[in-house]
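Trainee: Pasting start36.cif here (mmCIF, C-alpha atoms and all ligand atoms):
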data_model
#
loop_
_atom_site.label_atom_id
_atom_site.label_comp_id
_atom_site.auth_asym_id
_atom_site.auth_seq_id
_atom_site.Cartn_x
_atom_site.Cartn_y
_atom_site.Cartn_z
CA MET A 12 0.00 0.00 0.00
CA ALA A 13 1.46 3.37 -1.10
CA THR A 14 1.79 5.96 1.65
CA ALA A 15 0.59 9.47 0.67
CA MET A 16 3.40 12.04 0.64
CA ILE A 17 2.57 14.99 2.87
CA ASP A 18 4.12 18.10 1.23
CA THR A 19 4.69 21.21 3.27
CA PRO A 20 2.52 23.90 1.66
CA PRO A 21 4.41 26.92 0.29
CA ALA A 22 4.51 29.97 2.54
CA THR A 23 1.69 32.43 1.83
CA VAL A 24 2.97 35.76 0.58
CA ASP A 25 1.35 38.51 2.66
CA LEU A 26 -0.32 40.66 0.01
CA LEU A 27 -0.71 43.51 2.49
CA ALA A 28 3.01 43.65 3.30
CA LYS A 29 3.44 46.47 0.79
CA PHE A 30 1.43 48.69 3.12
CA ASP A 31 3.69 48.16 6.14
CA PRO A 32 5.27 51.64 5.86
CA ILE A 33 1.78 53.20 6.05
CA ILE A 34 0.88 51.05 9.07
CA GLN A 35 4.12 52.12 10.78
CA THR A 36 3.59 55.86 10.06
CA ARG A 37 0.07 55.65 11.49
CA GLU A 38 1.17 53.72 14.56
CA ALA A 39 3.95 56.25 15.24
CA LEU A 40 1.47 59.11 14.97
CA LEU A 41 -1.00 57.49 17.37
CA ALA A 42 1.83 56.51 19.77
CA ALA A 43 2.62 60.24 20.04
CA GLY A 44 -0.84 60.55 21.65
CA VAL A 45 -2.60 62.31 18.74
CA GLU A 46 -6.29 61.55 18.06
CA ASP A 47 -6.71 59.52 14.87
CA PRO A 48 -7.37 62.13 12.15
CA PHE A 49 -8.82 59.51 9.79
CA ASN A 50 -11.28 57.92 12.21
CA LEU A 51 -13.55 60.76 13.27
CA VAL A 52 -17.17 59.93 14.04
CA MET A 53 -19.99 62.44 13.59
CA GLU A 54 -22.19 61.29 16.46
CA LYS A 55 -24.91 63.82 15.65
CA VAL A 56 -25.14 66.29 12.79
CA LEU A 57 -26.86 69.45 14.01
CA SER A 58 -26.80 71.52 10.81
CA PRO A 59 -24.64 71.94 7.66
CA THR A 60 -22.05 73.72 9.84
CA ARG A 61 -22.25 71.99 13.26
CA ALA A 62 -21.96 68.42 14.57
CA ILE A 63 -21.13 66.48 17.70
CA CYS A 64 -17.75 64.89 16.85
CA ASN A 65 -16.00 62.62 19.32
CA GLY A 66 -18.33 63.98 22.01
CA ARG A 67 -17.69 67.69 21.26
CA ASP A 68 -19.89 70.39 19.73
CA THR A 69 -17.85 71.18 16.63
CA ILE A 70 -17.94 73.72 13.79
CA LEU A 71 -17.58 71.89 10.48
CA LEU A 72 -14.97 73.43 8.18
CA GLY A 73 -13.98 70.32 6.29
CA THR A 74 -17.09 69.12 4.48
CA TYR A 75 -17.91 69.69 0.81
CA ASN A 76 -21.32 71.01 1.77
CA TYR A 77 -20.53 74.31 0.01
CA MET A 78 -24.11 75.47 -0.42
CA GLY A 79 -25.45 73.91 2.80
CA MET A 80 -28.15 71.90 1.00
CA THR A 81 -28.03 68.81 3.26
CA PHE A 82 -30.62 70.24 5.67
CA ASP A 83 -32.70 72.20 3.16
CA PRO A 84 -36.34 71.39 4.11
CA ASP A 85 -37.48 70.99 0.47
CA VAL A 86 -34.56 68.66 -0.30
CA ILE A 87 -35.38 66.51 2.73
CA GLU A 88 -39.11 66.48 2.00
CA ALA A 89 -38.58 65.42 -1.64
CA GLY A 90 -36.42 62.51 -0.48
CA LYS A 91 -38.95 61.38 2.15
CA ARG A 92 -41.81 61.41 -0.36
CA ALA A 93 -39.83 59.43 -2.96
CA MET A 94 -38.80 56.85 -0.38
CA GLU A 95 -42.44 56.35 0.63
CA GLU A 96 -43.66 56.11 -2.97
CA PHE A 97 -40.81 54.14 -4.56
CA GLY A 98 -39.16 52.26 -1.69
CA ALA A 99 -35.64 52.29 -0.29
CA GLY A 100 -33.58 51.15 -3.26
CA THR A 101 -33.57 50.30 -6.96
CA THR A 102 -31.96 46.83 -6.78
CA GLY A 103 -30.82 47.13 -10.37
CA SER A 104 -28.75 48.81 -13.06
CA ARG A 105 -29.90 51.94 -14.86
CA VAL A 106 -30.14 49.92 -18.10
CA LEU A 107 -32.38 47.24 -16.61
CA ASN A 108 -34.84 47.89 -13.77
CA GLY A 109 -32.96 50.77 -12.09
CA THR A 110 -34.31 53.83 -13.93
CA PHE A 111 -37.19 55.27 -11.89
CA ARG A 112 -39.15 58.50 -12.42
CA ASP A 113 -36.68 60.48 -10.32
CA HIS A 114 -33.58 59.29 -12.20
CA ARG A 115 -35.16 60.77 -15.32
CA ASP A 116 -36.15 63.90 -13.41
CA VAL A 117 -32.68 64.55 -12.01
CA GLU A 118 -31.25 64.27 -15.54
CA THR A 119 -33.84 66.81 -16.70
CA ALA A 120 -32.82 69.10 -13.80
CA LEU A 121 -29.15 68.80 -14.86
CA ARG A 122 -29.96 69.61 -18.50
CA GLU A 123 -31.86 72.70 -17.31
CA PHE A 124 -29.08 73.69 -14.90
CA TYR A 125 -26.33 73.58 -17.56
CA GLY A 126 -28.51 74.38 -20.61
CA MET A 127 -27.16 71.25 -22.32
CA ASP A 128 -28.79 68.55 -24.44
CA HIS A 129 -27.74 65.44 -22.51
CA ALA A 130 -27.19 64.36 -18.91
CA MET A 131 -26.27 60.98 -17.49
CA VAL A 132 -26.28 60.19 -13.77
CA PHE A 133 -23.83 57.75 -12.18
CA SER A 134 -23.77 56.34 -8.66
CA THR A 135 -20.81 58.57 -7.66
CA GLY A 136 -18.59 61.25 -9.17
CA TYR A 137 -15.74 58.76 -8.98
CA GLN A 138 -17.68 56.41 -11.25
CA ALA A 139 -18.60 59.26 -13.61
CA ASN A 140 -14.90 60.00 -14.23
CA LEU A 141 -14.00 56.32 -14.34
CA GLY A 142 -16.77 55.59 -16.82
CA ILE A 143 -16.70 58.59 -19.13
CA ILE A 144 -12.91 58.88 -19.43
CA SER A 145 -12.34 55.15 -19.97
CA THR A 146 -15.16 54.96 -22.53
CA LEU A 147 -14.13 58.05 -24.50
CA ALA A 148 -10.40 57.31 -24.73
CA GLY A 149 -9.21 53.77 -25.36
CA LYS A 150 -6.19 52.00 -26.81
CA GLY A 151 -4.40 54.20 -29.35
CA ASP A 152 -6.03 57.44 -28.09
CA TYR A 153 -4.19 60.09 -26.05
CA ILE A 154 -5.30 61.64 -22.76
CA ILE A 155 -3.52 64.85 -21.82
CA LEU A 156 -4.20 65.75 -18.20
CA ASP A 157 -3.07 68.08 -15.43
CA ILE A 158 -0.54 66.31 -13.17
CA ASP A 159 -2.61 67.29 -10.08
CA SER A 160 -5.77 65.58 -11.34
CA HIS A 161 -8.09 63.78 -8.92
CA ALA A 162 -7.59 60.04 -8.36
CA SER A 163 -10.85 59.22 -10.19
CA ILE A 164 -9.44 60.88 -13.34
CA TRP A 165 -6.20 58.91 -13.16
CA ASP A 166 -8.15 55.70 -12.58
CA GLY A 167 -10.40 56.45 -15.58
CA CYS A 168 -7.28 56.90 -17.73
CA ALA A 169 -5.82 53.58 -16.51
CA MET A 170 -9.07 51.70 -17.10
CA GLY A 171 -9.37 52.85 -20.71
CA ASN A 172 -5.81 51.91 -21.62
CA ALA A 173 -5.12 55.12 -23.57
CA GLU A 174 -1.69 56.78 -23.77
CA VAL A 175 -1.58 59.09 -20.74
CA VAL A 176 0.40 62.33 -20.98
CA PRO A 177 0.45 64.54 -17.88
CA PHE A 178 1.45 68.22 -17.97
CA LYS A 179 2.60 70.66 -15.25
CA HIS A 180 -0.23 71.92 -13.07
CA ASN A 181 -2.22 74.76 -14.64
CA ASP A 182 0.54 75.42 -17.24
CA VAL A 183 -1.04 76.44 -20.56
CA GLU A 184 2.25 76.29 -22.49
CA ALA A 185 3.02 72.79 -21.22
CA LEU A 186 -0.46 71.65 -22.29
CA GLU A 187 0.05 73.13 -25.76
CA LYS A 188 3.44 71.44 -26.15
CA ARG A 189 2.01 68.03 -25.23
CA LEU A 190 -0.91 68.50 -27.62
CA LYS A 191 1.41 69.30 -30.52
CA ARG A 192 3.38 66.09 -29.92
CA VAL A 193 0.37 63.76 -30.28
CA PRO A 194 0.71 61.71 -33.51
CA GLU A 195 -1.40 62.90 -36.43
CA GLY A 196 -4.81 61.22 -36.59
CA ALA A 197 -4.84 59.98 -32.96
CA GLY A 198 -7.84 60.78 -30.73
CA LYS A 199 -7.05 63.50 -28.17
CA LEU A 200 -8.91 64.00 -24.89
CA VAL A 201 -7.81 66.81 -22.56
CA VAL A 202 -8.99 66.42 -18.96
CA LEU A 203 -9.04 69.49 -16.70
CA GLU A 204 -10.64 70.49 -13.40
CA GLY A 205 -12.35 73.80 -12.66
CA VAL A 206 -11.17 74.02 -9.04
CA TYR A 207 -8.32 71.79 -7.81
CA SER A 208 -9.49 70.38 -4.52
CA MET A 209 -6.24 70.24 -2.57
CA MET A 210 -5.02 73.84 -2.93
CA GLY A 211 -8.39 75.35 -3.89
CA ASP A 212 -6.92 77.04 -6.98
CA VAL A 213 -8.77 77.63 -10.24
CA ALA A 214 -7.67 76.50 -13.72
CA PRO A 215 -7.05 79.06 -16.50
CA LEU A 216 -9.79 77.36 -18.51
CA LYS A 217 -10.23 80.21 -20.99
CA GLU A 218 -6.68 79.85 -22.35
CA MET A 219 -6.60 76.07 -21.95
CA VAL A 220 -9.84 75.46 -23.81
CA ARG A 221 -8.66 77.78 -26.62
CA VAL A 222 -5.41 75.81 -26.96
CA CYS A 223 -7.38 72.53 -26.99
CA LYS A 224 -9.68 73.74 -29.76
CA GLU A 225 -6.77 75.07 -31.84
CA ASN A 226 -5.23 71.60 -31.65
CA GLY A 227 -8.33 69.55 -32.39
CA ALA A 228 -8.73 68.08 -28.90
CA THR A 229 -11.93 67.05 -27.12
CA VAL A 230 -12.20 68.76 -23.72
CA LEU A 231 -13.60 67.34 -20.49
CA VAL A 232 -13.78 69.50 -17.36
CA ASP A 233 -14.46 68.13 -13.89
CA GLU A 234 -16.40 70.86 -12.05
CA ALA A 235 -16.86 68.87 -8.81
CA HIS A 236 -15.73 71.75 -6.55
CA SER A 237 -17.19 74.65 -8.53
CA MET A 238 -20.73 73.53 -9.40
CA GLY A 239 -23.33 75.52 -7.48
CA PHE A 240 -20.88 78.18 -6.32
CA ILE A 241 -18.66 79.55 -9.12
CA GLY A 242 -20.16 81.36 -12.13
CA GLU A 243 -23.21 83.62 -12.32
CA HIS A 244 -25.59 80.64 -12.35
CA GLY A 245 -23.30 78.30 -10.42
CA ARG A 246 -22.36 76.31 -13.54
CA GLY A 247 -18.70 76.40 -12.60
CA VAL A 248 -15.38 77.82 -13.75
CA ALA A 249 -16.20 77.20 -17.44
CA GLU A 250 -19.20 79.52 -17.04
CA GLU A 251 -17.20 82.08 -15.05
CA GLN A 252 -14.50 82.22 -17.75
CA GLY A 253 -17.00 82.21 -20.64
CA VAL A 254 -16.03 78.87 -22.24
CA LEU A 255 -18.96 76.63 -21.29
CA ASP A 256 -20.04 76.25 -24.94
CA ASP A 257 -16.57 75.03 -25.96
CA VAL A 258 -16.29 72.32 -23.31
CA ASP A 259 -17.38 68.95 -24.74
CA PHE A 260 -18.07 67.08 -21.49
CA ILE A 261 -18.63 68.34 -17.95
CA ILE A 262 -18.29 65.94 -15.04
CA GLY A 263 -19.73 66.70 -11.65
CA THR A 264 -20.86 65.22 -8.38
CA PHE A 265 -23.85 65.50 -6.07
CA SER A 266 -21.64 64.91 -3.03
CA LYS A 267 -20.55 68.54 -2.74
CA SER A 268 -22.80 71.57 -3.45
CA VAL A 269 -25.86 69.42 -4.21
CA GLY A 270 -25.55 67.87 -0.73
CA THR A 271 -26.47 64.26 -1.59
CA VAL A 272 -24.53 61.53 -3.41
CA GLY A 273 -24.12 60.70 -7.10
CA GLY A 274 -22.12 61.73 -10.14
CA PHE A 275 -22.96 63.01 -13.60
CA CYS A 276 -21.81 63.98 -17.06
CA VAL A 277 -23.50 66.64 -19.22
CA SER A 278 -22.76 67.31 -22.86
CA ASN A 279 -24.09 68.56 -26.19
CA HIS A 280 -22.38 65.77 -28.14
CA PRO A 281 -24.98 64.40 -30.61
CA LYS A 282 -23.95 60.77 -29.99
CA PHE A 283 -23.92 61.10 -26.19
CA GLU A 284 -26.81 58.69 -25.50
CA VAL A 285 -24.82 55.68 -26.79
CA LEU A 286 -22.66 56.01 -23.66
CA ARG A 287 -25.53 54.53 -21.63
CA LEU A 288 -24.99 51.23 -23.44
CA VAL A 289 -21.20 51.04 -23.49
CA CYS A 290 -19.98 52.72 -20.30
CA ARG A 291 -19.22 49.89 -17.88
CA PRO A 292 -19.31 51.86 -14.54
CA TYR A 293 -22.83 53.00 -15.61
CA VAL A 294 -24.10 49.63 -16.80
CA PHE A 295 -22.60 47.22 -14.28
CA THR A 296 -23.67 48.78 -10.99
CA ALA A 297 -26.93 49.47 -9.16
CA ALA A 298 -28.71 52.78 -9.71
CA LEU A 299 -28.97 55.20 -6.78
CA PRO A 300 -32.01 55.02 -4.47
CA PRO A 301 -35.04 57.08 -5.59
CA ALA A 302 -34.93 59.22 -2.42
CA VAL A 303 -31.39 60.36 -3.31
CA MET A 304 -32.52 61.21 -6.84
CA ALA A 305 -35.55 63.20 -5.71
CA SER A 306 -33.49 65.13 -3.13
CA SER A 307 -30.81 65.81 -5.75
CA ALA A 308 -33.28 67.09 -8.36
CA THR A 309 -34.83 69.48 -5.81
CA SER A 310 -31.41 70.67 -4.69
CA ILE A 311 -30.17 71.29 -8.26
CA ARG A 312 -33.27 73.33 -9.09
CA LYS A 313 -32.81 75.41 -5.92
CA LEU A 314 -29.12 75.96 -6.73
CA MET A 315 -30.18 77.65 -9.98
CA HIS A 316 -31.57 80.45 -7.83
CA GLY A 317 -28.81 80.48 -5.23
CA GLY A 318 -27.30 83.88 -6.09
CA ASN A 319 -27.54 85.23 -2.53
CA LYS A 320 -25.96 82.14 -1.06
CA ARG A 321 -23.14 82.32 -3.60
CA ALA A 322 -22.47 85.96 -2.64
CA HIS A 323 -22.36 85.07 1.08
CA LEU A 324 -20.02 82.13 0.44
CA TRP A 325 -17.63 84.43 -1.44
CA GLU A 326 -17.76 86.81 1.51
CA ASN A 327 -16.88 83.94 3.88
CA SER A 328 -14.04 82.84 1.62
CA ARG A 329 -12.55 86.35 1.46
CA THR A 330 -12.84 86.87 5.24
CA LEU A 331 -11.27 83.53 6.17
CA HIS A 332 -8.49 83.79 3.59
CA GLY A 333 -7.62 87.38 4.59
CA GLY A 334 -7.81 86.55 8.31
CA LEU A 335 -5.58 83.47 8.13
CA LYS A 336 -3.06 85.33 5.99
CA ALA A 337 -2.99 88.23 8.48
CA LEU A 338 -2.36 85.73 11.31
CA GLY A 339 0.75 84.54 9.47
CA PHE A 340 -0.40 81.16 8.12
CA GLN A 341 1.02 79.99 4.79
CA LEU A 342 -1.87 79.44 2.38
CA GLY A 343 -2.22 77.45 -0.85
CA THR A 344 -3.28 80.48 -2.92
CA ASP A 345 -2.39 84.20 -2.68
CA THR A 346 -6.00 85.22 -3.11
CA PRO A 347 -9.25 83.40 -2.32
CA GLN A 348 -10.19 81.53 -5.52
CA SER A 349 -12.87 79.09 -4.33
CA ALA A 350 -14.58 77.80 -1.17
CA ILE A 351 -11.44 75.79 -0.33
CA ILE A 352 -8.62 77.42 1.63
CA ALA A 353 -5.56 75.22 2.12
CA VAL A 354 -3.31 75.95 5.11
CA ILE A 355 0.17 74.54 4.48
CA MET A 356 1.73 72.65 7.41
CA PRO A 357 5.49 72.19 7.87
CA ASP A 358 5.19 68.37 8.13
CA LEU A 359 2.76 65.55 8.96
CA GLU A 360 3.55 65.57 12.68
CA LYS A 361 2.90 69.30 13.10
CA GLY A 362 -0.11 69.00 10.80
CA ALA A 363 -1.64 66.25 12.94
CA MET A 364 -0.92 68.22 16.15
CA MET A 365 -2.54 71.33 14.69
CA TRP A 366 -5.52 69.27 13.45
CA GLU A 367 -6.01 67.88 16.94
CA ALA A 368 -5.59 71.26 18.62
CA LEU A 369 -8.30 72.67 16.35
CA LEU A 370 -10.59 69.73 17.11
CA LYS A 371 -10.16 70.39 20.83
CA GLU A 372 -11.04 74.03 20.16
CA GLY A 373 -14.25 72.72 18.52
CA LEU A 374 -13.29 72.98 14.83
CA TYR A 375 -13.12 70.21 12.25
CA VAL A 376 -10.91 70.65 9.15
CA ASN A 377 -9.49 68.04 6.75
CA LEU A 378 -5.96 66.82 7.33
CA ALA A 379 -4.69 66.03 3.83
CA ARG A 380 -1.42 64.32 3.01
CA PRO A 381 0.28 62.49 0.11
CA PRO A 382 -0.70 60.84 -2.19
CA ALA A 383 -3.79 63.09 -2.22
CA THR A 384 -1.74 66.30 -1.95
CA PRO A 385 0.72 67.72 -4.51
CA ALA A 386 4.49 67.98 -3.85
CA GLY A 387 4.37 65.79 -0.71
CA MET A 388 2.63 68.54 1.28
CA THR A 389 0.63 68.18 4.48
CA LEU A 390 -2.38 70.49 4.40
CA LEU A 391 -5.18 71.55 6.67
CA ARG A 392 -7.96 72.01 4.17
CA CYS A 393 -10.73 74.36 5.11
CA SER A 394 -13.88 74.22 3.03
CA LEU A 395 -16.45 76.87 3.68
CA CYS A 396 -20.22 76.66 3.53
CA ALA A 397 -22.77 79.29 2.52
CA GLU A 398 -24.45 78.56 5.88
CA HIS A 399 -21.40 79.61 7.95
CA THR A 400 -22.37 82.89 9.58
CA ALA A 401 -20.00 85.87 9.61
CA GLU A 402 -19.76 85.31 13.39
CA GLN A 403 -18.73 81.66 12.92
CA VAL A 404 -15.96 82.73 10.55
CA GLN A 405 -14.61 85.10 13.22
CA THR A 406 -14.83 82.29 15.82
CA ILE A 407 -12.89 80.03 13.41
CA LEU A 408 -10.14 82.64 13.06
CA GLY A 409 -9.83 82.85 16.85
CA MET A 410 -9.50 79.06 17.03
CA PHE A 411 -6.77 79.04 14.38
CA GLU A 412 -4.88 81.79 16.21
CA ARG A 413 -4.90 79.96 19.56
CA ALA A 414 -4.06 76.55 18.05
CA GLY A 415 -1.39 77.96 15.73
CA LYS A 416 0.37 79.69 18.64
CA ALA A 417 0.11 76.63 20.90
CA ILE A 418 1.66 74.34 18.27
CA GLY A 419 4.23 76.95 17.21
CA ILE A 420 3.11 77.34 13.60
CA ILE A 421 2.58 81.08 13.81
C1 LIG A 501 -12.30 66.62 -8.59
C2 LIG A 501 -13.14 65.48 -8.09
N1 LIG A 501 -13.75 64.70 -8.98
C3 LIG A 501 -14.52 63.66 -8.58
C4 LIG A 501 -14.70 63.38 -7.23
C5 LIG A 501 -15.52 62.18 -6.83
O1 LIG A 501 -16.76 62.55 -6.37
P1 LIG A 501 -17.68 61.55 -5.53
O2 LIG A 501 -17.49 61.89 -4.09
O3 LIG A 501 -19.07 61.83 -5.99
O4 LIG A 501 -17.26 60.17 -5.86
C6 LIG A 501 -14.08 64.19 -6.29
C7 LIG A 501 -14.28 63.89 -4.85
O5 LIG A 501 -13.72 64.40 -3.95
C8 LIG A 501 -13.27 65.26 -6.73
O6 LIG A 501 -12.64 66.04 -5.84
#
What does the file become when written as structure tokens?

Mentor:
Amino acid sequence: MATAMIDTPPATVDLLAKFDPIIQTREALLAAGVEDPFNLVMEKVLSPTRAICNGRDTILLGTYNYMGMTFDPDVIEAGKRAMEEFGAGTTGSRVLNGTFRDHRDVETALREFYGMDHAMVFSTGYQANLGIISTLAGKGDYIILDIDSHASIWDGCAMGNAEVVPFKHNDVEALEKRLKRVPEGAGKLVVLEGVYSMMGDVAPLKEMVRVCKENGATVLVDEAHSMGFIGEHGRGVAEEQGVLDDVDFIIGTFSKSVGTVGGFCVSNHPKFEVLRLVCRPYVFTAALPPAVMASSATSIRKLMHGGNKRAHLWENSRTLHGGLKALGFQLGTDTPQSAIIAVIMPDLEKGAMMWEALLKEGLYVNLARPPATPAGMTLLRCSLCAEHTAEQVQTILGMFERAGKAIGII
């Protein structure tokens, strides 16, 4: 009788070992006694600008709730009604059983908002970039993009398998040079953002879009951080700089000014509707719940008439930017360009200490670090809301002054 050989199984390679340096950095930070900046819990949300965080009454200065729509009574009511009428979820893809009345309605609201022929709603802004970029530009095509582009843009480029050519942040000449080097006859997609979310700076879209058109490129602009706030009607930086009609595709999200969740693309391209059949992150995922769609449609329609809120948000941005600068903080932009004001920290350790000191003062801001930030920077990102009162902005400045002095940053 043959005896079975018992082989020792090969050692399992730990697939998470590549993240050991990140685990060590985090452990070192927590060992220094700092509260975990990436594990904050909002125990109760009191309004668009206040929450109970880790047991404290806290002013929120690190959400993307630019227009404060999360607690708008009409937005909430629309969501409640849709949930009662249509149930909690769609349980299906947009191309099968997942298109309900309110998915259609939110696309109508987007077409009205931008004055464009077509609108397509995705489950998130991340998926909108992933889907549209990978579907537009495939093997053999060229994508020319700003080096500081959002992760969802980079991931969309990788998924489509196009040639990816980055250019120096906001540099019109560098963009033009790259465009001129693309081989004759190849498809060219230029991907830009209106507002860059880490530093809060605005793109020179007017010049960039001109250069794209002169070189036969299709232009896509991600207006995630400008929709609702920038431009006379809140259509974004392309509206503000007078180039909306020359942009071929606009990407946006509901998770910022709209105050809900979801992503979208709007366009006047005559063949746009085919994208619903071929765009994998649209087809192969469940459609958003009807309550989210109804809330979003109501919010978008209210944002069309949000002129007063936009004016107040600009006022807040100017006051906070000027105040922080006067206190001696180093900021991401010389002038206020958006609702985001980035405060540059000397390093991660000081950044985390300052973040914690602000939290103890009763202020929440975003601690941002590489790979999300450019040039290896640690930032305290402040994002303002149209619902912050002038008094709250003054309170915030007082908190920054005390924390900055205590940590030795100013
Ligand atoms: C520029 C940009 N595009 C897209 C997204 C993704 O949006 P969403 O949160 O809807 O996935 C973000 C999110 O922060 C962003 O900053």

Trainee: Counting all atoms listed in the file, what are the residues, protein, DNA or RNA alike, that approach ligand LIG 501 (chain A) to within 7 Å? I want them as a ChimeraX atom specification.

Mentor: /A:135-138,140,161,163,204,207-208,233-236,263-266,272-274

Trainee: Restricted to C-alpha atoms, what would the selected residues look like written as a short mmCIF file (atom, residue, chain, number, x, y, z; two decimals), in the frame of the given file?

Mentor:
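What ended up in selection33.cif:
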data_model
loop_
_atom_site.label_atom_id
_atom_site.label_comp_id
_atom_site.auth_asym_id
_atom_site.auth_seq_id
_atom_site.Cartn_x
_atom_site.Cartn_y
_atom_site.Cartn_z
CA THR A 135 -20.81 58.57 -7.66
CA GLY A 136 -18.59 61.25 -9.17
CA TYR A 137 -15.74 58.76 -8.98
CA GLN A 138 -17.68 56.41 -11.25
CA ASN A 140 -14.90 60.00 -14.23
CA HIS A 161 -8.09 63.78 -8.92
CA SER A 163 -10.85 59.22 -10.19
CA GLU A 204 -10.64 70.49 -13.40
CA TYR A 207 -8.32 71.79 -7.81
CA SER A 208 -9.49 70.38 -4.52
CA ASP A 233 -14.46 68.13 -13.89
CA GLU A 234 -16.40 70.86 -12.05
CA ALA A 235 -16.86 68.87 -8.81
CA HIS A 236 -15.73 71.75 -6.55
CA GLY A 263 -19.73 66.70 -11.65
CA THR A 264 -20.86 65.22 -8.38
CA PHE A 265 -23.85 65.50 -6.07
CA SER A 266 -21.64 64.91 -3.03
CA VAL A 272 -24.53 61.53 -3.41
CA GLY A 273 -24.12 60.70 -7.10
CA GLY A 274 -22.12 61.73 -10.14
#

Trainee: Looking at A:Glu398, A:Glu284, A:Glu38, A:Asp358, which one is nearest to Asn327 in chain A, with distances taken over all atoms listed in the file?

Mentor: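 Ranking A:Glu398, A:Glu284, A:Glu38, A:Asp358 by distance to Asn327 in chain A, first place goes to A:Glu398.
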
Trainee: When you count all atoms listed in the file, which of these residues is closest to Met78 in chain A: A:Ser268, A:Ser134, A:Thr229, A:Thr110?

Mentor: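 So, comparing all the options, the nearest one is A:Ser268.
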
Trainee: Could the centre and edge lengths of an axis-aligned box, enclosing all atoms of range 222-239 of chain A in the file with 8 Å extra on each side, be given in Å to one decimal as lines of an AutoDock Vina configuration file?

Mentor:
center_x = -14.3
center_y = 71.4
center_z = -19.5
size_x = 34.1
size_y = 24.8
size_z = 41.8

Trainee: Do a neighbour search on Met80 in chain A at 9 Å with only C-alpha atoms, toss out local chain neighbours closer than 4 positions, and write the hits as a PDB file with C-alpha atoms, in the coordinates of the input.

Mentor:
ATOM      1  CA  PRO A  59     -24.640  71.940   7.660  1.00  0.00           C
ATOM      2  CA  ASN A  76     -21.320  71.010   1.770  1.00  0.00           C
ATOM      3  CA  PRO A  84     -36.340  71.390   4.110  1.00  0.00           C
ATOM      4  CA  VAL A  86     -34.560  68.660  -0.300  1.00  0.00           C
ATOM      5  CA  SER A 268     -22.800  71.570  -3.450  1.00  0.00           C
ATOM      6  CA  VAL A 269     -25.860  69.420  -4.210  1.00  0.00           C
ATOM      7  CA  GLY A 270     -25.550  67.870  -0.730  1.00  0.00           C
ATOM      8  CA  THR A 271     -26.470  64.260  -1.590  1.00  0.00           C
ATOM      9  CA  SER A 310     -31.410  70.670  -4.690  1.00  0.00           C
ATOM     10  CA  LEU A 314     -29.120  75.960  -6.730  1.00  0.00           C
TER      11      LEU A 314
END

Trainee: Tyr125 in chain A: which residues within 10 Å, counting only C-alpha atoms, same-chain residues fewer than 4 positions away excluded, as an MDAnalysis selection string?

Mentor: chainID A and resid 120:121 129:130 238 244:247 250 255 261 277:278 315

Trainee: Between CA of Asn65 in chain A and CA of Met364 in chain A, what distance in Å does the model show, to one decimal?

Mentor: 16.4 Å

Trainee: Measure the distance from CA of Asn50 in chain A to CA of Arg37 in chain A in Å and round it to one decimal.

Mentor: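 Pair CA of Asn50 in chain A / CA of Arg37 in chain A returns 11.6 Å.
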
Trainee: Mind rebuilding range 88-98 of chain A with N, CA and C atoms and writing that out as a PDB file, keeping the file's coordinate frame?

Mentor:
ATOM      1  N   GLU A  88     -37.729  66.885   2.249  1.00  0.00           N
ATOM      2  CA  GLU A  88     -39.110  66.480   2.000  1.00  0.00           C
ATOM      3  C   GLU A  88     -39.231  65.672   0.704  1.00  0.00           C
ATOM      4  N   ALA A  89     -38.534  66.123  -0.341  1.00  0.00           N
ATOM      5  CA  ALA A  89     -38.580  65.420  -1.640  1.00  0.00           C
ATOM      6  C   ALA A  89     -38.060  63.986  -1.477  1.00  0.00           C
ATOM      7  N   GLY A  90     -36.995  63.837  -0.703  1.00  0.00           N
ATOM      8  CA  GLY A  90     -36.420  62.510  -0.480  1.00  0.00           C
ATOM      9  C   GLY A  90     -37.364  61.602   0.282  1.00  0.00           C
ATOM     10  N   LYS A  91     -38.006  62.172   1.320  1.00  0.00           N
ATOM     11  CA  LYS A  91     -38.950  61.380   2.150  1.00  0.00           C
ATOM     12  C   LYS A  91     -40.100  60.869   1.289  1.00  0.00           C
ATOM     13  N   ARG A  92     -40.647  61.777   0.468  1.00  0.00           N
ATOM     14  CA  ARG A  92     -41.810  61.410  -0.360  1.00  0.00           C
ATOM     15  C   ARG A  92     -41.437  60.301  -1.351  1.00  0.00           C
ATOM     16  N   ALA A  93     -40.247  60.440  -1.976  1.00  0.00           N
ATOM     17  CA  ALA A  93     -39.830  59.430  -2.960  1.00  0.00           C
ATOM     18  C   ALA A  93     -39.589  58.088  -2.295  1.00  0.00           C
ATOM     19  N   MET A  94     -39.047  58.127  -1.079  1.00  0.00           N
ATOM     20  CA  MET A  94     -38.800  56.850  -0.380  1.00  0.00           C
ATOM     21  C   MET A  94     -40.133  56.158  -0.074  1.00  0.00           C
ATOM     22  N   GLU A  95     -41.132  56.949   0.336  1.00  0.00           N
ATOM     23  CA  GLU A  95     -42.440  56.350   0.630  1.00  0.00           C
ATOM     24  C   GLU A  95     -43.102  55.794  -0.618  1.00  0.00           C
ATOM     25  N   GLU A  96     -42.964  56.532  -1.741  1.00  0.00           N
ATOM     26  CA  GLU A  96     -43.660  56.110  -2.970  1.00  0.00           C
ATOM     27  C   GLU A  96     -42.928  54.995  -3.718  1.00  0.00           C
ATOM     28  N   PHE A  97     -41.580  55.044  -3.697  1.00  0.00           N
ATOM     29  CA  PHE A  97     -40.810  54.140  -4.560  1.00  0.00           C
ATOM     30  C   PHE A  97     -39.966  53.124  -3.813  1.00  0.00           C
ATOM     31  N   GLY A  98     -39.942  53.224  -2.467  1.00  0.00           N
ATOM     32  CA  GLY A  98     -39.160  52.260  -1.690  1.00  0.00           C
ATOM     33  C   GLY A  98     -37.730  52.725  -1.456  1.00  0.00           C
TER      34      GLY A  98
END
